[in-house]
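Structure data follow from target11.pdb (PDB, C-alpha atoms):
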```
ATOM      1  CA  MET M  25     115.599  86.764  96.338  1.00  0.00           C
ATOM      2  CA  ILE M  26     116.574  90.433  95.864  1.00  0.00           C
ATOM      3  CA  ASP M  27     118.704  91.028  92.777  1.00  0.00           C
ATOM      4  CA  HIS M  28     120.617  94.175  93.725  1.00  0.00           C
ATOM      5  CA  ALA M  29     122.382  94.359  90.346  1.00  0.00           C
ATOM      6  CA  HIS M  30     119.020  94.337  88.548  1.00  0.00           C
ATOM      7  CA  ASP M  31     117.746  97.047  90.871  1.00  0.00           C
ATOM      8  CA  LEU M  32     120.861  99.170  90.356  1.00  0.00           C
ATOM      9  CA  ALA M  33     120.231  99.030  86.600  1.00  0.00           C
ATOM     10  CA  SER M  34     116.593  99.984  87.206  1.00  0.00           C
ATOM     11  CA  VAL M  35     117.726 102.948  89.313  1.00  0.00           C
ATOM     12  CA  ARG M  36     120.011 104.053  86.496  1.00  0.00           C
ATOM     13  CA  ASP M  37     117.169 103.876  83.949  1.00  0.00           C
ATOM     14  CA  ALA M  38     114.719 105.686  86.228  1.00  0.00           C
ATOM     15  CA  THR M  39     117.265 108.414  86.952  1.00  0.00           C
ATOM     16  CA  GLU M  40     117.863 108.986  83.251  1.00  0.00           C
ATOM     17  CA  ARG M  41     114.105 109.292  82.668  1.00  0.00           C
ATOM     18  CA  LEU M  42     113.884 111.855  85.443  1.00  0.00           C
ATOM     19  CA  LEU M  43     116.916 113.849  84.295  1.00  0.00           C
ATOM     20  CA  THR M  44     115.602 113.946  80.719  1.00  0.00           C
ATOM     21  CA  ALA M  45     112.200 115.165  81.876  1.00  0.00           C
ATOM     22  CA  VAL M  46     113.585 117.766  84.280  1.00  0.00           C
ATOM     23  CA  GLY M  47     115.990 118.977  81.618  1.00  0.00           C
ATOM     24  CA  LYS M  48     112.986 120.271  79.672  1.00  0.00           C
ATOM     25  CA  LEU M  49     112.005 122.645  82.488  1.00  0.00           C
ATOM     26  CA  ASP M  50     113.268 126.162  83.107  1.00  0.00           C
ATOM     27  CA  ASN M  51     114.410 128.037  86.192  1.00  0.00           C
ATOM     28  CA  ALA M  52     110.925 129.377  86.918  1.00  0.00           C
ATOM     29  CA  SER M  53     109.433 125.874  86.786  1.00  0.00           C
ATOM     30  CA  VAL M  54     111.868 124.633  89.421  1.00  0.00           C
ATOM     31  CA  THR M  55     110.588 127.220  91.918  1.00  0.00           C
ATOM     32  CA  GLN M  56     106.938 126.209  91.436  1.00  0.00           C
ATOM     33  CA  PRO M  57     105.147 123.954  93.954  1.00  0.00           C
ATOM     34  CA  SER M  58     105.517 120.221  93.673  1.00  0.00           C
ATOM     35  CA  ARG M  59     102.758 117.827  94.685  1.00  0.00           C
ATOM     36  CA  LEU M  60     104.331 117.477  98.136  1.00  0.00           C
ATOM     37  CA  PRO M  61     102.915 119.989 100.630  1.00  0.00           C
ATOM     38  CA  GLY M  62     105.347 122.802 101.358  1.00  0.00           C
ATOM     39  CA  TRP M  63     107.927 121.665  98.827  1.00  0.00           C
ATOM     40  CA  SER M  64     108.799 123.269  95.517  1.00  0.00           C
ATOM     41  CA  ARG M  65     110.168 121.178  92.667  1.00  0.00           C
ATOM     42  CA  GLY M  66     113.563 122.437  93.766  1.00  0.00           C
ATOM     43  CA  HIS M  67     113.007 120.849  97.176  1.00  0.00           C
ATOM     44  CA  VAL M  68     112.223 117.508  95.528  1.00  0.00           C
ATOM     45  CA  LEU M  69     115.328 117.661  93.338  1.00  0.00           C
ATOM     46  CA  ALA M  70     117.520 118.688  96.266  1.00  0.00           C
ATOM     47  CA  HIS M  71     116.131 115.835  98.350  1.00  0.00           C
ATOM     48  CA  LEU M  72     116.837 113.333  95.576  1.00  0.00           C
ATOM     49  CA  ALA M  73     120.447 114.464  95.316  1.00  0.00           C
ATOM     50  CA  ARG M  74     121.047 114.397  99.049  1.00  0.00           C
ATOM     51  CA  ASN M  75     119.273 111.045  99.386  1.00  0.00           C
ATOM     52  CA  ALA M  76     121.696 109.538  96.868  1.00  0.00           C
ATOM     53  CA  ASP M  77     124.615 110.687  98.988  1.00  0.00           C
ATOM     54  CA  ALA M  78     122.859 109.473 102.152  1.00  0.00           C
ATOM     55  CA  LEU M  79     122.475 105.987 100.673  1.00  0.00           C
ATOM     56  CA  VAL M  80     126.163 105.997  99.756  1.00  0.00           C
ATOM     57  CA  ASN M  81     126.776 106.606 103.456  1.00  0.00           C
ATOM     58  CA  VAL M  82     124.564 103.617 104.272  1.00  0.00           C
ATOM     59  CA  LEU M  83     126.378 101.318 101.844  1.00  0.00           C
ATOM     60  CA  GLU M  84     129.766 102.448 103.168  1.00  0.00           C
ATOM     61  CA  GLY M  85     128.868 101.990 106.833  1.00  0.00           C
ATOM     62  CA  ARG M  86     128.365 105.613 107.888  1.00  0.00           C
ATOM     63  CA  PRO M  87     125.235 107.193 109.399  1.00  0.00           C
ATOM     64  CA  MET M  88     122.689 107.935 106.690  1.00  0.00           C
ATOM     65  CA  TYR M  89     122.395 111.589 107.783  1.00  0.00           C
ATOM     66  CA  VAL M  90     124.312 113.526 110.423  1.00  0.00           C
ATOM     67  CA  SER M  91     120.914 114.333 111.936  1.00  0.00           C
ATOM     68  CA  GLY M  92     117.337 114.960 110.901  1.00  0.00           C
ATOM     69  CA  GLU M  93     117.932 118.691 111.278  1.00  0.00           C
ATOM     70  CA  ALA M  94     120.995 118.559 109.022  1.00  0.00           C
ATOM     71  CA  ARG M  95     118.999 116.655 106.399  1.00  0.00           C
ATOM     72  CA  ASP M  96     116.260 119.296 106.377  1.00  0.00           C
ATOM     73  CA  THR M  97     118.772 122.168 106.388  1.00  0.00           C
ATOM     74  CA  ASP M  98     120.581 120.737 103.364  1.00  0.00           C
ATOM     75  CA  ILE M  99     117.332 120.435 101.408  1.00  0.00           C
ATOM     76  CA  GLU M 100     116.300 124.009 102.239  1.00  0.00           C
ATOM     77  CA  ARG M 101     119.768 125.246 101.286  1.00  0.00           C
ATOM     78  CA  ASP M 102     119.777 123.493  97.914  1.00  0.00           C
ATOM     79  CA  ALA M 103     116.139 123.965  96.887  1.00  0.00           C
ATOM     80  CA  PRO M 104     116.477 127.496  95.381  1.00  0.00           C
ATOM     81  CA  ARG M 105     119.319 126.621  93.013  1.00  0.00           C
ATOM     82  CA  PRO M 106     118.894 127.179  89.256  1.00  0.00           C
ATOM     83  CA  LEU M 107     117.993 124.273  87.005  1.00  0.00           C
ATOM     84  CA  ASP M 108     121.471 123.613  85.619  1.00  0.00           C
ATOM     85  CA  VAL M 109     122.933 123.358  89.124  1.00  0.00           C
ATOM     86  CA  GLN M 110     120.127 121.044  90.252  1.00  0.00           C
ATOM     87  CA  LEU M 111     120.668 118.787  87.251  1.00  0.00           C
ATOM     88  CA  ALA M 112     124.434 118.641  87.677  1.00  0.00           C
ATOM     89  CA  ASP M 113     124.123 117.841  91.377  1.00  0.00           C
ATOM     90  CA  LEU M 114     121.543 115.117  90.827  1.00  0.00           C
ATOM     91  CA  ARG M 115     123.553 113.593  87.999  1.00  0.00           C
ATOM     92  CA  GLU M 116     126.788 113.601  90.027  1.00  0.00           C
ATOM     93  CA  SER M 117     125.221 112.313  93.259  1.00  0.00           C
ATOM     94  CA  SER M 118     123.433 109.573  91.326  1.00  0.00           C
ATOM     95  CA  ALA M 119     126.734 108.554  89.760  1.00  0.00           C
ATOM     96  CA  ARG M 120     128.270 108.335  93.236  1.00  0.00           C
ATOM     97  CA  PHE M 121     125.451 106.041  94.316  1.00  0.00           C
ATOM     98  CA  GLN M 122     125.934 103.818  91.275  1.00  0.00           C
ATOM     99  CA  GLU M 123     129.672 103.674  91.944  1.00  0.00           C
ATOM    100  CA  ALA M 124     129.072 102.650  95.548  1.00  0.00           C
ATOM    101  CA  GLY M 125     126.600 100.028  94.374  1.00  0.00           C
ATOM    102  CA  ASP M 126     129.056  98.608  91.855  1.00  0.00           C
ATOM    103  CA  ALA M 127     131.797  98.151  94.460  1.00  0.00           C
ATOM    104  CA  PRO M 128     132.391  94.552  95.633  1.00  0.00           C
ATOM    105  CA  ALA M 129     130.489  94.019  98.877  1.00  0.00           C
ATOM    106  CA  ASP M 130     128.624  91.553 101.041  1.00  0.00           C
ATOM    107  CA  TRP M 131     125.078  92.309  99.940  1.00  0.00           C
ATOM    108  CA  SER M 132     123.616  90.041 102.625  1.00  0.00           C
ATOM    109  CA  ARG M 133     124.884  92.290 105.423  1.00  0.00           C
ATOM    110  CA  THR M 134     122.545  94.377 107.540  1.00  0.00           C
ATOM    111  CA  VAL M 135     122.742  98.148 107.165  1.00  0.00           C
ATOM    112  CA  GLU M 136     121.199 100.969 109.188  1.00  0.00           C
ATOM    113  CA  LEU M 137     118.991 103.649 107.654  1.00  0.00           C
ATOM    114  CA  ARG M 138     117.213 106.554 109.375  1.00  0.00           C
ATOM    115  CA  ASN M 139     115.698 106.417 112.851  1.00  0.00           C
ATOM    116  CA  GLY M 140     117.249 103.071 113.676  1.00  0.00           C
ATOM    117  CA  VAL M 141     115.600 101.242 110.759  1.00  0.00           C
ATOM    118  CA  THR M 142     117.697  98.341 109.503  1.00  0.00           C
ATOM    119  CA  ASP M 143     117.522  96.339 106.290  1.00  0.00           C
ATOM    120  CA  SER M 144     119.561  94.073 104.084  1.00  0.00           C
ATOM    121  CA  ALA M 145     122.114  95.908 101.958  1.00  0.00           C
ATOM    122  CA  SER M 146     120.578  94.143  98.970  1.00  0.00           C
ATOM    123  CA  ARG M 147     117.388  96.196  99.427  1.00  0.00           C
ATOM    124  CA  VAL M 148     119.122  99.576  99.316  1.00  0.00           C
ATOM    125  CA  PRO M 149     119.053  99.821  95.490  1.00  0.00           C
ATOM    126  CA  PHE M 150     115.305  99.146  95.516  1.00  0.00           C
ATOM    127  CA  ARG M 151     114.848 101.829  98.166  1.00  0.00           C
ATOM    128  CA  ARG M 152     116.665 104.274  95.894  1.00  0.00           C
ATOM    129  CA  TRP M 153     114.499 103.170  92.972  1.00  0.00           C
ATOM    130  CA  VAL M 154     111.445 104.031  95.063  1.00  0.00           C
ATOM    131  CA  GLU M 155     112.813 107.504  95.782  1.00  0.00           C
ATOM    132  CA  VAL M 156     113.486 108.252  92.121  1.00  0.00           C
ATOM    133  CA  GLU M 157     110.210 106.919  90.731  1.00  0.00           C
ATOM    134  CA  LEU M 158     107.801 108.348  93.295  1.00  0.00           C
ATOM    135  CA  HIS M 159     109.494 111.734  93.464  1.00  0.00           C
ATOM    136  CA  HIS M 160     109.448 111.919  89.653  1.00  0.00           C
ATOM    137  CA  VAL M 161     105.664 111.666  90.009  1.00  0.00           C
ATOM    138  CA  ASP M 162     105.731 114.219  92.845  1.00  0.00           C
ATOM    139  CA  LEU M 163     107.331 116.800  90.546  1.00  0.00           C
ATOM    140  CA  GLY M 164     104.023 117.097  88.662  1.00  0.00           C
ATOM    141  CA  ILE M 165     105.607 117.358  85.229  1.00  0.00           C
ATOM    142  CA  GLY M 166     103.625 114.723  83.329  1.00  0.00           C
ATOM    143  CA  TYR M 167     104.944 111.469  84.815  1.00  0.00           C
ATOM    144  CA  GLU M 168     102.104 109.708  86.620  1.00  0.00           C
ATOM    145  CA  LEU M 169     101.684 106.601  88.736  1.00  0.00           C
ATOM    146  CA  GLU M 170     100.233 104.882  85.658  1.00  0.00           C
ATOM    147  CA  ASP M 171     103.579 105.468  83.888  1.00  0.00           C
ATOM    148  CA  LEU M 172     105.620 103.558  86.462  1.00  0.00           C
ATOM    149  CA  PRO M 173     107.130 100.245  85.336  1.00  0.00           C
ATOM    150  CA  ALA M 174     104.767  97.361  86.130  1.00  0.00           C
ATOM    151  CA  GLU M 175     107.478  95.479  88.023  1.00  0.00           C
ATOM    152  CA  PHE M 176     108.141  98.504  90.206  1.00  0.00           C
ATOM    153  CA  THR M 177     104.463  99.054  90.965  1.00  0.00           C
ATOM    154  CA  GLU M 178     103.929  95.441  92.029  1.00  0.00           C
ATOM    155  CA  ARG M 179     107.037  95.387  94.210  1.00  0.00           C
ATOM    156  CA  GLU M 180     106.260  98.719  95.859  1.00  0.00           C
ATOM    157  CA  ILE M 181     102.697  97.628  96.663  1.00  0.00           C
ATOM    158  CA  ASP M 182     104.204  94.510  98.253  1.00  0.00           C
ATOM    159  CA  PHE M 183     106.751  96.602 100.155  1.00  0.00           C
ATOM    160  CA  LEU M 184     104.157  99.027 101.509  1.00  0.00           C
ATOM    161  CA  ALA M 185     101.638  96.314 102.366  1.00  0.00           C
ATOM    162  CA  ASP M 186     104.377  94.653 104.383  1.00  0.00           C
ATOM    163  CA  ARG M 187     105.241  97.974 106.033  1.00  0.00           C
ATOM    164  CA  PHE M 188     101.695  98.348 107.398  1.00  0.00           C
ATOM    165  CA  ALA M 189     101.377  94.656 108.321  1.00  0.00           C
ATOM    166  CA  GLY M 190     100.624  94.270 112.004  1.00  0.00           C
ATOM    167  CA  HIS M 191      99.996  97.998 112.464  1.00  0.00           C
ATOM    168  CA  PRO M 192      97.475  98.363 115.305  1.00  0.00           C
ATOM    169  CA  ASP M 193      95.732 101.332 113.676  1.00  0.00           C
ATOM    170  CA  VAL M 194      95.103  99.591 110.328  1.00  0.00           C
ATOM    171  CA  PRO M 195      92.339  96.964 110.194  1.00  0.00           C
ATOM    172  CA  ALA M 196      93.104  93.567 108.698  1.00  0.00           C
ATOM    173  CA  THR M 197      92.989  94.342 104.988  1.00  0.00           C
ATOM    174  CA  ARG M 198      93.229  92.418 101.751  1.00  0.00           C
ATOM    175  CA  VAL M 199      94.505  94.580  98.897  1.00  0.00           C
ATOM    176  CA  THR M 200      93.889  93.310  95.372  1.00  0.00           C
ATOM    177  CA  ASP M 201      93.968  94.444  91.763  1.00  0.00           C
ATOM    178  CA  GLY M 202      91.725  91.534  90.790  1.00  0.00           C
ATOM    179  CA  THR M 203      94.665  89.319  89.856  1.00  0.00           C
ATOM    180  CA  ARG M 204      97.187  89.656  92.662  1.00  0.00           C
ATOM    181  CA  ALA M 205      96.512  90.141  96.354  1.00  0.00           C
ATOM    182  CA  TRP M 206      98.387  91.393  99.398  1.00  0.00           C
ATOM    183  CA  SER M 207      97.554  91.397 103.110  1.00  0.00           C
ATOM    184  CA  THR M 208      98.222  94.266 105.467  1.00  0.00           C
ATOM    185  CA  GLY M 209      97.126  95.755 108.780  1.00  0.00           C
ATOM    186  CA  ARG M 210      96.255  93.916 111.980  1.00  0.00           C
ATOM    187  CA  GLU M 211      95.910  90.171 112.149  1.00  0.00           C
ATOM    188  CA  PRO M 212      92.327  89.232 111.218  1.00  0.00           C
ATOM    189  CA  GLY M 213      90.149  88.416 114.182  1.00  0.00           C
ATOM    190  CA  GLY M 214      87.913  85.994 112.287  1.00  0.00           C
ATOM    191  CA  GLN M 215      88.231  83.751 109.285  1.00  0.00           C
ATOM    192  CA  GLY M 216      89.377  86.382 106.830  1.00  0.00           C
ATOM    193  CA  PRO M 217      90.293  90.027 106.398  1.00  0.00           C
ATOM    194  CA  GLU M 218      87.955  92.613 107.802  1.00  0.00           C
ATOM    195  CA  VAL M 219      88.242  94.831 104.727  1.00  0.00           C
ATOM    196  CA  THR M 220      88.986  94.094 101.053  1.00  0.00           C
ATOM    197  CA  VAL M 221      90.293  97.007  98.994  1.00  0.00           C
ATOM    198  CA  THR M 222      90.163  96.594  95.208  1.00  0.00           C
ATOM    199  CA  GLY M 223      91.381  98.767  92.359  1.00  0.00           C
ATOM    200  CA  PRO M 224      93.910  99.304  89.581  1.00  0.00           C
ATOM    201  CA  PRO M 225      97.579  98.871  90.574  1.00  0.00           C
ATOM    202  CA  ALA M 226      98.404 102.575  90.162  1.00  0.00           C
ATOM    203  CA  ASP M 227      95.552 103.594  92.469  1.00  0.00           C
ATOM    204  CA  LEU M 228      96.457 100.946  95.044  1.00  0.00           C
ATOM    205  CA  LEU M 229     100.034 102.207  95.037  1.00  0.00           C
ATOM    206  CA  GLY M 230      98.908 105.818  95.236  1.00  0.00           C
ATOM    207  CA  TRP M 231      96.756 105.075  98.281  1.00  0.00           C
ATOM    208  CA  LEU M 232      99.403 103.021 100.076  1.00  0.00           C
ATOM    209  CA  ALA M 233     102.096 105.611  99.339  1.00  0.00           C
ATOM    210  CA  GLY M 234      99.976 108.580 100.391  1.00  0.00           C
ATOM    211  CA  ARG M 235      99.853 109.990  96.873  1.00  0.00           C
ATOM    212  CA  ARG M 236      96.110 109.461  96.270  1.00  0.00           C
ATOM    213  CA  ASP M 237      93.077 109.545  98.537  1.00  0.00           C
ATOM    214  CA  GLY M 238      91.757 106.145  97.478  1.00  0.00           C
ATOM    215  CA  SER M 239      88.559 107.528  95.930  1.00  0.00           C
ATOM    216  CA  ALA M 240      89.119 105.336  92.853  1.00  0.00           C
ATOM    217  CA  LEU M 241      89.205 102.193  95.017  1.00  0.00           C
ATOM    218  CA  THR M 242      86.337 100.055  96.293  1.00  0.00           C
ATOM    219  CA  SER M 243      86.225  98.832  99.866  1.00  0.00           C
ATOM    220  CA  ALA M 244      84.173  95.834 100.981  1.00  0.00           C
ATOM    221  CA  GLY M 245      83.596  94.841 104.608  1.00  0.00           C
ATOM    222  CA  GLY M 246      84.146  98.343 105.941  1.00  0.00           C
ATOM    223  CA  PRO M 247      85.282 101.832 104.981  1.00  0.00           C
ATOM    224  CA  LEU M 248      88.591 102.386 103.240  1.00  0.00           C
ATOM    225  CA  PRO M 249      91.201 102.210 106.016  1.00  0.00           C
ATOM    226  CA  ALA M 250      92.944 105.424 106.985  1.00  0.00           C
ATOM    227  CA  LEU M 251      96.665 104.768 106.666  1.00  0.00           C
ATOM    228  CA  PRO M 252      99.248 106.363 108.957  1.00  0.00           C
ATOM    229  CA  PRO M 253     101.892 108.563 107.327  1.00  0.00           C
ATOM    230  CA  LEU M 254     104.974 106.794 105.994  1.00  0.00           C
TER
END
```

Render the structure in this file as structure tokens.
Amino acid sequence: MIDHAHDLASVRDATERLLTAVGKLDNASVTQPSRLPGWSRGHVLAHLARNADALVNVLEGRPMYVSGEARDTDIERDAPRPLDVQLADLRESSARFQEAGDAPADWSRTVELRNGVTDSASRVPFRRWVEVELHHVDLGIGYELEDLPAEFTEREIDFLADRFAGHPDVPATRVTDGTRAWSTGREPGGQGPEVTVTGPPADLLGWLAGRRDGSALTSAGGPLPALPPL
């Protein structure tokens, strides 16, 4: 059962951590490359602000973005802004998202995201939590996958394993940290998974989310599967 109110509170906490960390930067730092290819830290911050507004659109029944081109144009437009403007925008857009999340609503309803993807409204706060936490790591300012809340890491591994479940290009795979286990990829052709991938939760998440190459993981039954882009 998804607890959207719990997730909204988690988004609020994660956003405050990010704002506090980014507040220690300077204008020059914002223009430096992030860990995402082709994006500066300013691009990441601009994306986070615009994503908050896009998810307000989703919760209020409007298209998430006018178009993919408009989304990209907005990020490019906002990326070069100085630090104080970035911070103010992210703080204000995040407050708008929280306000939309606090409004009385039917959280069991189905909403539409990008590219025709649909989901329960109750999962939107978790999706925002994912954006804030992973992009905080992407900024490359000292917040690492190992610093993510344990609850978040477990739930995001589950979310991503489910996302790749049934994917024809991913072999049947068991993902485990030695205590918990998840299944992903194609349906196994035999009695069990074709591949078992084992490692620490942060490295499993990094591999599934395309943030790490999986070199810290062990793979039994075959090579480490190559995952398609998210």

* With all atoms listed in the file as the atoms that count, which of M:Ala112, M:Ala70, M:Val54, M:Val154 lies nearest to Glu175 in chain M? ->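 Nearest to Glu175 in chain M: M:Val154.
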
With all atoms listed in the file as the counted atoms, please give the residues lying no more than 6 Å from range 30-47 of chain M, apart from itself and same-chain residues fewer than 5 positions off, as a PDB file with C-alpha atoms, keeping the file's coordinate frame.
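Result file follows (around.pdb):
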```
ATOM      1  CA  PRO M 149     119.053  99.821  95.490  1.00  0.00           C
ATOM      2  CA  PHE M 150     115.305  99.146  95.516  1.00  0.00           C
ATOM      3  CA  TRP M 153     114.499 103.170  92.972  1.00  0.00           C
TER       4      TRP M 153
END
```

* Asked: In Å, how far is it from CA of Ser91 in chain M to CA of Glu155 in chain M?
  ->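 Pair CA of Ser91 in chain M / CA of Glu155 in chain M returns 19.3 Å.
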
* Please evaluate the PyMOL selection byres ((chain M and resi 217) around 10) against the structure above and give the resulting residues as a VMD selection string. => chain M and resid 195 to 199 207 to 216 218 to 220 245

Keeping only C-alpha atoms, take the residues you just selected and write them out as a compact mmCIF listing (two decimals), in the frame of the given file.
```txt
# COMPACT_ATOMS: atom_id res chain seq x y z
CA PRO M 195 92.34 96.96 110.19
CA ALA M 196 93.10 93.57 108.70
CA THR M 197 92.99 94.34 104.99
CA ARG M 198 93.23 92.42 101.75
CA VAL M 199 94.50 94.58 98.90
CA SER M 207 97.55 91.40 103.11
CA THR M 208 98.22 94.27 105.47
CA GLY M 209 97.13 95.76 108.78
CA ARG M 210 96.26 93.92 111.98
CA GLU M 211 95.91 90.17 112.15
CA PRO M 212 92.33 89.23 111.22
CA GLY M 213 90.15 88.42 114.18
CA GLY M 214 87.91 85.99 112.29
CA GLN M 215 88.23 83.75 109.28
CA GLY M 216 89.38 86.38 106.83
CA GLU M 218 87.96 92.61 107.80
CA VAL M 219 88.24 94.83 104.73
CA THR M 220 88.99 94.09 101.05
CA GLY M 245 83.60 94.84 104.61
```

* If you count all atoms listed in the file, which residues fall within 7 Å of Thr134 in chain M, apart from same-chain ones fewer than 5 positions away, as a list in words? ->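 In the requested form, the answer reads Thr142, Asp143, Ser144 and Ala145 of chain M.
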
* Asked: Which one of M:Pro173, M:Gly223, M:Pro247, M:Pro106 sits closest to Leu69 in chain M if you count all atoms listed in the file?
  -> M:Pro106

N, CA and C atoms of range 202-228 of chain M from block above, as an mmCIF file, in the first residue's frame:
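Generated output (part.cif):
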```
data_model
loop_
_atom_site.group_PDB
_atom_site.id
_atom_site.type_symbol
_atom_site.label_atom_id
_atom_site.label_comp_id
_atom_site.auth_asym_id
_atom_site.auth_seq_id
_atom_site.Cartn_x
_atom_site.Cartn_y
_atom_site.Cartn_z
ATOM 1 N N GLY M 202 22.051 -10.023 -0.626
ATOM 2 C CA GLY M 202 22.388 -11.054 0.342
ATOM 3 C C GLY M 202 21.317 -11.262 1.387
ATOM 4 N N THR M 203 20.410 -10.309 1.504
ATOM 5 C CA THR M 203 19.300 -10.406 2.456
ATOM 6 C C THR M 203 17.964 -10.370 1.737
ATOM 7 N N ARG M 204 17.826 -9.384 0.843
ATOM 8 C CA ARG M 204 16.602 -9.234 0.069
ATOM 9 C C ARG M 204 16.893 -9.592 -1.387
ATOM 10 N N ALA M 205 15.839 -9.933 -2.109
ATOM 11 C CA ALA M 205 16.032 -10.314 -3.512
ATOM 12 C C ALA M 205 14.881 -9.794 -4.356
ATOM 13 N N TRP M 206 15.207 -9.485 -5.598
ATOM 14 C CA TRP M 206 14.243 -8.995 -6.580
ATOM 15 C C TRP M 206 14.450 -9.757 -7.882
ATOM 16 N N SER M 207 13.404 -9.882 -8.677
ATOM 17 C CA SER M 207 13.509 -10.522 -9.986
ATOM 18 C C SER M 207 13.247 -9.484 -11.066
ATOM 19 N N THR M 208 13.985 -9.617 -12.172
ATOM 20 C CA THR M 208 13.779 -8.691 -13.273
ATOM 21 C C THR M 208 14.140 -9.385 -14.580
ATOM 22 N N GLY M 209 13.903 -8.702 -15.688
ATOM 23 C CA GLY M 209 14.226 -9.249 -17.000
ATOM 24 C C GLY M 209 13.176 -10.219 -17.507
ATOM 25 N N ARG M 210 13.570 -11.003 -18.518
ATOM 26 C CA ARG M 210 12.665 -11.957 -19.148
ATOM 27 C C ARG M 210 12.232 -13.039 -18.154
ATOM 28 N N GLU M 211 11.151 -13.697 -18.487
ATOM 29 C CA GLU M 211 10.742 -14.852 -17.700
ATOM 30 C C GLU M 211 11.799 -15.943 -17.848
ATOM 31 N N PRO M 212 12.178 -16.596 -16.729
ATOM 32 C CA PRO M 212 13.203 -17.642 -16.838
ATOM 33 C C PRO M 212 12.722 -18.807 -17.681
ATOM 34 N N GLY M 213 13.647 -19.335 -18.495
ATOM 35 C CA GLY M 213 13.274 -20.440 -19.361
ATOM 36 C C GLY M 213 13.344 -21.779 -18.669
ATOM 37 N N GLY M 214 14.105 -21.872 -17.568
ATOM 38 C CA GLY M 214 14.250 -23.121 -16.847
ATOM 39 C C GLY M 214 13.630 -23.059 -15.465
ATOM 40 N N GLN M 215 14.353 -23.623 -14.512
ATOM 41 C CA GLN M 215 13.840 -23.689 -13.152
ATOM 42 C C GLN M 215 14.124 -22.439 -12.327
ATOM 43 N N GLY M 216 15.017 -21.620 -12.767
ATOM 44 C CA GLY M 216 15.373 -20.441 -11.987
ATOM 45 C C GLY M 216 15.915 -19.351 -12.877
ATOM 46 N N PRO M 217 16.374 -18.269 -12.293
ATOM 47 C CA PRO M 217 16.913 -17.168 -13.095
ATOM 48 C C PRO M 217 18.181 -17.587 -13.826
ATOM 49 N N GLU M 218 18.392 -16.989 -14.961
ATOM 50 C CA GLU M 218 19.594 -17.280 -15.727
ATOM 51 C C GLU M 218 20.829 -16.643 -15.091
ATOM 52 N N VAL M 219 20.642 -15.481 -14.483
ATOM 53 C CA VAL M 219 21.755 -14.729 -13.917
ATOM 54 C C VAL M 219 21.370 -14.290 -12.508
ATOM 55 N N THR M 220 22.318 -14.334 -11.570
ATOM 56 C CA THR M 220 22.125 -13.783 -10.234
ATOM 57 C C THR M 220 23.159 -12.686 -10.018
ATOM 58 N N VAL M 221 22.684 -11.489 -9.748
ATOM 59 C CA VAL M 221 23.554 -10.333 -9.528
ATOM 60 C C VAL M 221 23.514 -9.992 -8.045
ATOM 61 N N THR M 222 24.697 -9.918 -7.422
ATOM 62 C CA THR M 222 24.796 -9.713 -5.980
ATOM 63 C C THR M 222 25.702 -8.530 -5.675
ATOM 64 N N GLY M 223 25.309 -7.735 -4.677
ATOM 65 C CA GLY M 223 26.160 -6.634 -4.254
ATOM 66 C C GLY M 223 25.479 -5.775 -3.219
ATOM 67 N N PRO M 224 26.182 -4.753 -2.724
ATOM 68 C CA PRO M 224 25.603 -3.847 -1.738
ATOM 69 C C PRO M 224 24.423 -3.078 -2.338
ATOM 70 N N PRO M 225 23.451 -2.680 -1.525
ATOM 71 C CA PRO M 225 22.282 -1.975 -2.047
ATOM 72 C C PRO M 225 22.629 -0.746 -2.892
ATOM 73 N N ALA M 226 23.586 0.059 -2.459
ATOM 74 C CA ALA M 226 23.915 1.274 -3.209
ATOM 75 C C ALA M 226 24.436 0.941 -4.601
ATOM 76 N N ASP M 227 25.231 -0.132 -4.710
ATOM 77 C CA ASP M 227 25.762 -0.514 -6.018
ATOM 78 C C ASP M 227 24.688 -1.147 -6.894
ATOM 79 N N LEU M 228 23.774 -1.899 -6.292
ATOM 80 C CA LEU M 228 22.657 -2.445 -7.066
ATOM 81 C C LEU M 228 21.811 -1.313 -7.628
#
```
